[in-house]
$ cat work16.pdb   # PDB, C-alpha atoms, pLDDT in the B column
ATOM      1  CA  VAL G   1      -2.606  12.950  35.043  1.00 82.00           C
ATOM      2  CA  ARG G   2      -1.769  15.716  32.615  1.00 82.00           C
ATOM      3  CA  GLY G   3      -3.484  14.079  29.670  1.00 91.00           C
ATOM      4  CA  ALA G   4      -3.964  10.769  27.921  1.00 95.00           C
ATOM      5  CA  VAL G   5      -3.380   9.793  24.310  1.00 97.00           C
ATOM      6  CA  ALA G   6      -4.666   6.664  22.576  1.00 97.00           C
ATOM      7  CA  ILE G   7      -3.637   5.718  19.062  1.00 97.00           C
ATOM      8  CA  CYS G   8      -5.766   3.221  17.098  1.00 96.00           C
ATOM      9  CA  ALA G   9      -7.216   1.927  20.352  1.00 95.00           C
ATOM     10  CA  PRO G  10      -9.417  -1.150  19.923  1.00 92.00           C
ATOM     11  CA  MET G  11     -13.007  -1.564  20.981  1.00 90.00           C
ATOM     12  CA  LYS G  12     -13.982  -3.441  17.835  1.00 89.00           C
ATOM     13  CA  TYR G  13     -11.642  -5.445  15.608  1.00 84.00           C
ATOM     14  CA  ARG G  14     -11.554  -5.954  11.840  1.00 77.00           C
ATOM     15  CA  ASN G  15     -10.837  -9.669  12.246  1.00 71.00           C
ATOM     16  CA  ARG G  16     -14.226 -11.210  12.965  1.00 72.00           C
ATOM     17  CA  ASN G  17     -12.529 -14.287  14.442  1.00 68.00           C
ATOM     18  CA  MET G  18     -11.779 -12.231  17.566  1.00 64.00           C
ATOM     19  CA  ARG G  19     -15.309 -13.023  18.747  1.00 71.00           C
ATOM     20  CA  PHE G  20     -14.247 -16.678  19.113  1.00 64.00           C
ATOM     21  CA  VAL G  21     -11.249 -15.917  21.332  1.00 59.00           C
ATOM     22  CA  PRO G  22     -13.118 -16.441  24.653  1.00 68.00           C
ATOM     23  CA  LEU G  23     -14.404 -19.806  23.369  1.00 66.00           C
ATOM     24  CA  MET G  24     -10.923 -20.884  22.228  1.00 69.00           C
ATOM     25  CA  HIS G  25      -9.404 -19.711  25.503  1.00 63.00           C
ATOM     26  CA  GLY G  26     -11.925 -21.827  27.413  1.00 70.00           C
ATOM     27  CA  ALA G  27     -11.231 -24.864  25.231  1.00 69.00           C
ATOM     28  CA  ASN G  28      -7.475 -24.389  25.627  1.00 62.00           C
ATOM     29  CA  SER G  29      -7.835 -24.064  29.412  1.00 73.00           C
ATOM     30  CA  MET G  30      -9.829 -27.286  29.565  1.00 65.00           C
ATOM     31  CA  VAL G  31      -7.312 -29.188  27.422  1.00 64.00           C
ATOM     32  CA  ARG G  32      -4.437 -27.888  29.609  1.00 60.00           C
ATOM     33  CA  TRP G  33      -6.312 -28.992  32.723  1.00 62.00           C
ATOM     34  CA  LEU G  34      -6.977 -32.486  31.322  1.00 66.00           C
ATOM     35  CA  SER G  35      -3.644 -33.121  29.636  1.00 67.00           C
ATOM     36  CA  SER G  36      -0.097 -31.915  29.162  1.00 65.00           C
ATOM     37  CA  TYR G  37      -0.999 -30.220  25.853  1.00 65.00           C
ATOM     38  CA  GLU G  38      -1.061 -26.434  25.541  1.00 66.00           C
ATOM     39  CA  GLY G  39      -4.571 -26.521  24.136  1.00 64.00           C
ATOM     40  CA  VAL G  40      -6.581 -26.981  20.968  1.00 60.00           C
ATOM     41  CA  MET G  41      -5.158 -23.822  19.418  1.00 62.00           C
ATOM     42  CA  PRO G  42      -2.681 -22.037  21.712  1.00 62.00           C
ATOM     43  CA  PHE G  43      -1.574 -19.543  19.031  1.00 63.00           C
ATOM     44  CA  ARG G  44      -3.096 -17.707  16.092  1.00 61.00           C
ATOM     45  CA  THR G  45      -1.033 -16.625  13.095  1.00 70.00           C
ATOM     46  CA  ASN G  46      -0.490 -12.867  12.993  1.00 59.00           C
ATOM     47  CA  GLN G  47      -0.235 -11.082   9.637  1.00 73.00           C
ATOM     48  CA  SER G  48       1.666  -8.077  11.000  1.00 69.00           C
ATOM     49  CA  GLU G  49       2.537  -4.807   9.289  1.00 74.00           C
ATOM     50  CA  HIS G  50       5.818  -4.933  11.218  1.00 67.00           C
ATOM     51  CA  PRO G  51       6.938  -8.575  11.373  1.00 66.00           C
ATOM     52  CA  HIS G  52      10.413  -7.514  12.505  1.00 69.00           C
ATOM     53  CA  ILE G  53       9.009  -6.177  15.816  1.00 66.00           C
ATOM     54  CA  ASN G  54       5.611  -7.908  16.248  1.00 64.00           C
ATOM     55  CA  TYR G  55       4.657 -11.461  17.100  1.00 60.00           C
ATOM     56  CA  LEU G  56       4.328 -13.816  14.135  1.00 66.00           C
ATOM     57  CA  HIS G  57       2.014 -15.943  16.280  1.00 65.00           C
ATOM     58  CA  MET G  58      -0.343 -14.380  18.831  1.00 67.00           C
ATOM     59  CA  PRO G  59      -1.024 -16.410  21.991  1.00 74.00           C
ATOM     60  CA  ILE G  60      -4.753 -17.027  22.469  1.00 73.00           C
ATOM     61  CA  ARG G  61      -4.230 -16.292  26.183  1.00 77.00           C
ATOM     62  CA  GLY G  62      -2.964 -12.815  25.291  1.00 75.00           C
ATOM     63  CA  LEU G  63      -5.841 -12.174  22.897  1.00 77.00           C
ATOM     64  CA  TYR G  64      -8.258 -13.270  25.621  1.00 82.00           C
ATOM     65  CA  GLU G  65      -6.673 -10.804  28.041  1.00 88.00           C
ATOM     66  CA  LEU G  66      -7.104  -8.113  25.378  1.00 82.00           C
ATOM     67  CA  THR G  67     -10.844  -8.862  25.169  1.00 86.00           C
ATOM     68  CA  GLN G  68     -11.051  -8.625  28.971  1.00 85.00           C
ATOM     69  CA  LEU G  69      -9.212  -5.294  28.862  1.00 88.00           C
ATOM     70  CA  ASN G  70     -11.720  -3.991  26.308  1.00 88.00           C
ATOM     71  CA  ALA G  71     -14.622  -4.892  28.606  1.00 90.00           C
ATOM     72  CA  ALA G  72     -12.962  -3.095  31.533  1.00 93.00           C
ATOM     73  CA  LEU G  73     -12.177  -0.103  29.329  1.00 92.00           C
ATOM     74  CA  ARG G  74     -15.811   0.239  28.290  1.00 92.00           C
ATOM     75  CA  GLU G  75     -16.851   0.370  31.959  1.00 95.00           C
ATOM     76  CA  ARG G  76     -14.182   2.869  33.023  1.00 96.00           C
ATOM     77  CA  LEU G  77     -14.152   5.389  30.165  1.00 97.00           C
ATOM     78  CA  PRO G  78     -16.968   7.460  31.749  1.00 97.00           C
ATOM     79  CA  GLN G  79     -14.705   7.954  34.789  1.00 97.00           C
ATOM     80  CA  VAL G  80     -11.917   9.608  32.757  1.00 96.00           C
ATOM     81  CA  ARG G  81     -11.630  13.297  33.690  1.00 94.00           C
ATOM     82  CA  CYS G  82      -8.271  14.346  32.208  1.00 94.00           C
ATOM     83  CA  PRO G  83      -7.863  15.742  28.685  1.00 96.00           C
ATOM     84  CA  VAL G  84      -7.753  13.001  26.045  1.00 96.00           C
ATOM     85  CA  LEU G  85      -6.477  12.897  22.483  1.00 97.00           C
ATOM     86  CA  LEU G  86      -7.636   9.998  20.317  1.00 98.00           C
ATOM     87  CA  ILE G  87      -5.858   9.384  17.020  1.00 98.00           C
ATOM     88  CA  GLN G  88      -7.266   6.839  14.570  1.00 98.00           C
ATOM     89  CA  SER G  89      -6.249   5.607  11.142  1.00 97.00           C
ATOM     90  CA  MET G  90      -9.237   5.960   8.806  1.00 97.00           C
ATOM     91  CA  GLN G  91      -8.783   2.575   7.112  1.00 96.00           C
ATOM     92  CA  ASP G  92      -7.004   0.732   9.927  1.00 94.00           C
ATOM     93  CA  ARG G  93      -6.733  -2.958   8.975  1.00 90.00           C
ATOM     94  CA  VAL G  94      -6.549  -4.178  12.586  1.00 89.00           C
ATOM     95  CA  VAL G  95      -8.923  -1.966  14.571  1.00 93.00           C
ATOM     96  CA  ASP G  96     -12.321  -1.017  13.227  1.00 94.00           C
ATOM     97  CA  PRO G  97     -12.215   2.810  13.103  1.00 97.00           C
ATOM     98  CA  VAL G  98     -15.658   2.940  14.721  1.00 96.00           C
ATOM     99  CA  SER G  99     -13.711   2.133  17.910  1.00 96.00           C
ATOM    100  CA  ALA G 100     -12.447   5.722  18.088  1.00 97.00           C
ATOM    101  CA  GLU G 101     -15.984   7.078  17.904  1.00 98.00           C
ATOM    102  CA  GLN G 102     -17.162   4.633  20.583  1.00 97.00           C
ATOM    103  CA  ILE G 103     -14.311   5.600  22.911  1.00 97.00           C
ATOM    104  CA  TYR G 104     -14.891   9.310  22.255  1.00 98.00           C
ATOM    105  CA  GLU G 105     -18.586   9.014  23.144  1.00 97.00           C
ATOM    106  CA  LEU G 106     -17.911   7.002  26.320  1.00 97.00           C
ATOM    107  CA  LEU G 107     -15.219   9.333  27.693  1.00 97.00           C
ATOM    108  CA  GLY G 108     -16.347  11.260  30.760  1.00 97.00           C
ATOM    109  CA  THR G 109     -14.199  14.305  30.074  1.00 96.00           C
ATOM    110  CA  PRO G 110     -15.429  17.249  28.019  1.00 96.00           C
ATOM    111  CA  LEU G 111     -11.752  17.895  27.141  1.00 95.00           C
ATOM    112  CA  LYS G 112     -11.420  15.374  24.343  1.00 96.00           C
ATOM    113  CA  GLN G 113     -10.240  15.452  20.757  1.00 96.00           C
ATOM    114  CA  LEU G 114     -10.555  12.910  17.965  1.00 98.00           C
ATOM    115  CA  HIS G 115      -8.057  13.215  15.137  1.00 97.00           C
ATOM    116  CA  TRP G 116      -8.360  11.105  11.980  1.00 98.00           C
ATOM    117  CA  VAL G 117      -5.301  10.097   9.952  1.00 98.00           C
ATOM    118  CA  GLU G 118      -5.744   9.176   6.290  1.00 97.00           C
ATOM    119  CA  SER G 119      -4.056   5.785   6.228  1.00 97.00           C
ATOM    120  CA  THR G 120      -4.670   2.068   5.845  1.00 95.00           C
ATOM    121  CA  ARG G 121      -1.993   1.334   8.457  1.00 93.00           C
ATOM    122  CA  HIS G 122      -2.478   0.395  12.106  1.00 93.00           C
ATOM    123  CA  GLY G 123       1.074   1.340  13.135  1.00 91.00           C
ATOM    124  CA  ILE G 124       0.682   5.056  12.519  1.00 95.00           C
ATOM    125  CA  LEU G 125       2.676   5.997  15.622  1.00 94.00           C
ATOM    126  CA  ASN G 126       5.610   3.734  14.772  1.00 91.00           C
ATOM    127  CA  GLU G 127       5.658   4.991  11.179  1.00 92.00           C
ATOM    128  CA  ASP G 128       4.789   8.585  12.173  1.00 96.00           C
ATOM    129  CA  ILE G 129       2.062   8.726   9.548  1.00 96.00           C
ATOM    130  CA  GLY G 130       0.212  12.038   9.521  1.00 96.00           C
ATOM    131  CA  ASP G 131       2.767  13.576  11.907  1.00 96.00           C
ATOM    132  CA  THR G 132       1.281  11.498  14.709  1.00 96.00           C
ATOM    133  CA  GLN G 133       4.301  11.928  16.984  1.00 97.00           C
ATOM    134  CA  ALA G 134       4.310  15.729  16.699  1.00 96.00           C
ATOM    135  CA  ARG G 135       0.535  15.855  17.247  1.00 96.00           C
ATOM    136  CA  ILE G 136       0.962  13.933  20.510  1.00 96.00           C
ATOM    137  CA  LEU G 137       3.769  16.190  21.715  1.00 94.00           C
ATOM    138  CA  ASP G 138       1.762  19.300  20.798  1.00 94.00           C
ATOM    139  CA  PHE G 139      -1.251  17.983  22.703  1.00 95.00           C
ATOM    140  CA  LEU G 140       0.778  17.200  25.830  1.00 91.00           C
ATOM    141  CA  ALA G 141       2.408  20.658  25.687  1.00 91.00           C
ATOM    142  CA  SER G 142      -0.916  22.455  25.113  1.00 89.00           C
ATOM    143  CA  GLU G 143      -2.873  24.454  27.678  1.00 76.00           C
ATOM    144  CA  GLU G 144      -5.609  21.825  27.518  1.00 74.00           C
ATOM    145  CA  ALA G 145      -3.255  19.155  28.852  1.00 66.00           C
ATOM    146  CA  ARG G 146      -1.885  21.330  31.675  1.00 63.00           C
ATOM    147  CA  PRO G 147      -2.860  20.620  35.280  1.00 59.00           C
TER     148      PRO G 147
END
$ encode --input "work16.pdb" --output "structure tokens"
Amino acid sequence: VRGAVAICAPMKYRNRNMRFVPLMHGANSMVRWLSSYEGVMPFRTNQSEHPHINYLHMPIRGLYELTQLNAALRERLPQVRCPVLLIQSMQDRVVDPVSAEQIYELLGTPLKQLHWVESTRHGILNEDIGDTQARILDFLASEEARP
């Protein structure tokens, strides 16, 4: 792997209701097992920055998988050895920006960079806020990201 880039990667979320996702997933699973219903609350409304490309309703199953991915990520970050660039929006409304600092500290590689973008947006890559796209291309073309 030449290098890895993560943009506004979640470890901690702004929406405090995310802590209830495993409970809701369990309740939904039980309801599905006992009946033909999809669950108590199979979807959660999503207030997206980009409603034309993002889900308007997030499946609880998908959010549960995201929480599982976060747990696995926390365990595996110390094993990362390739160069890593982390880019984080300073006032991200979806991901708590402390996530970037947590990921940075857990990474096993000494070849890591954390770049902050002054923005309230989560979709900084899509909107190319702070020249995010060019920063990624520069990182991947740099000596640091060469094998």
$ residues_around --input "work16.pdb" --residues "range 120-127 of chain G" --least-positions-apart "4" --cutoff "8 Å" --atoms "all atoms listed in the file" --output "number ranges by chain"
G: 7-8, 49, 89-95, 132-133
$ residues_around --input "work16.pdb" --residues "range 69-86 of chain G" --least-positions-apart "2" --cutoff "8 Å" --atoms "all atoms listed in the file" --output "PDB file with C-alpha atoms, keeping the file's coordinate frame"
ATOM      1  CA  VAL G   1      -2.606  12.950  35.043  1.00 82.00           C
ATOM      2  CA  ARG G   2      -1.769  15.716  32.615  1.00 82.00           C
ATOM      3  CA  GLY G   3      -3.484  14.079  29.670  1.00 91.00           C
ATOM      4  CA  ALA G   4      -3.964  10.769  27.921  1.00 95.00           C
ATOM      5  CA  VAL G   5      -3.380   9.793  24.310  1.00 97.00           C
ATOM      6  CA  ALA G   6      -4.666   6.664  22.576  1.00 97.00           C
ATOM      7  CA  ILE G   7      -3.637   5.718  19.062  1.00 97.00           C
ATOM      8  CA  CYS G   8      -5.766   3.221  17.098  1.00 96.00           C
ATOM      9  CA  PRO G  10      -9.417  -1.150  19.923  1.00 92.00           C
ATOM     10  CA  MET G  11     -13.007  -1.564  20.981  1.00 90.00           C
ATOM     11  CA  GLU G  65      -6.673 -10.804  28.041  1.00 88.00           C
ATOM     12  CA  LEU G  66      -7.104  -8.113  25.378  1.00 82.00           C
ATOM     13  CA  THR G  67     -10.844  -8.862  25.169  1.00 86.00           C
ATOM     14  CA  GLN G  88      -7.266   6.839  14.570  1.00 98.00           C
ATOM     15  CA  ALA G 100     -12.447   5.722  18.088  1.00 97.00           C
ATOM     16  CA  ILE G 103     -14.311   5.600  22.911  1.00 97.00           C
ATOM     17  CA  TYR G 104     -14.891   9.310  22.255  1.00 98.00           C
ATOM     18  CA  LEU G 106     -17.911   7.002  26.320  1.00 97.00           C
ATOM     19  CA  LEU G 107     -15.219   9.333  27.693  1.00 97.00           C
ATOM     20  CA  GLY G 108     -16.347  11.260  30.760  1.00 97.00           C
ATOM     21  CA  THR G 109     -14.199  14.305  30.074  1.00 96.00           C
ATOM     22  CA  PRO G 110     -15.429  17.249  28.019  1.00 96.00           C
ATOM     23  CA  LEU G 111     -11.752  17.895  27.141  1.00 95.00           C
ATOM     24  CA  LYS G 112     -11.420  15.374  24.343  1.00 96.00           C
ATOM     25  CA  GLN G 113     -10.240  15.452  20.757  1.00 96.00           C
ATOM     26  CA  LEU G 114     -10.555  12.910  17.965  1.00 98.00           C
ATOM     27  CA  HIS G 115      -8.057  13.215  15.137  1.00 97.00           C
ATOM     28  CA  ILE G 136       0.962  13.933  20.510  1.00 96.00           C
ATOM     29  CA  PHE G 139      -1.251  17.983  22.703  1.00 95.00           C
ATOM     30  CA  GLU G 144      -5.609  21.825  27.518  1.00 74.00           C
ATOM     31  CA  ALA G 145      -3.255  19.155  28.852  1.00 66.00           C
TER      32      ALA G 145
END
$ atom_distance --input "work16.pdb" --atom1 "CA of Tyr64 in chain G" --atom2 "CA of Arg14 in chain G"
15.9 Å
$ atom_distance --input "work16.pdb" --atom1 "CA of Lys12 in chain G" --atom2 "CA of Asp131 in chain G"
24.6 Å
$ axis_aligned_box --input "work16.pdb" --around "range 91-107 of chain G" --padding-each-side "3 Å" --output "JSON"
{"center_x": -12.6, "center_y": 2.6, "center_z": 17.4, "size_x": 18.0, "size_y": 19.5, "size_z": 26.6}
$ atom_distance --input "work16.pdb" --atom1 "CA of Ser99 in chain G" --atom2 "CA of Ser142 in chain G"
25.1 Å
$ closest_residue --input "work16.pdb" --among "G:Gln47, G:Ile87, G:Asp96, G:Ser119" --to "Ala134 in chain G" --atoms "only C-alpha atoms"
G:Ile87
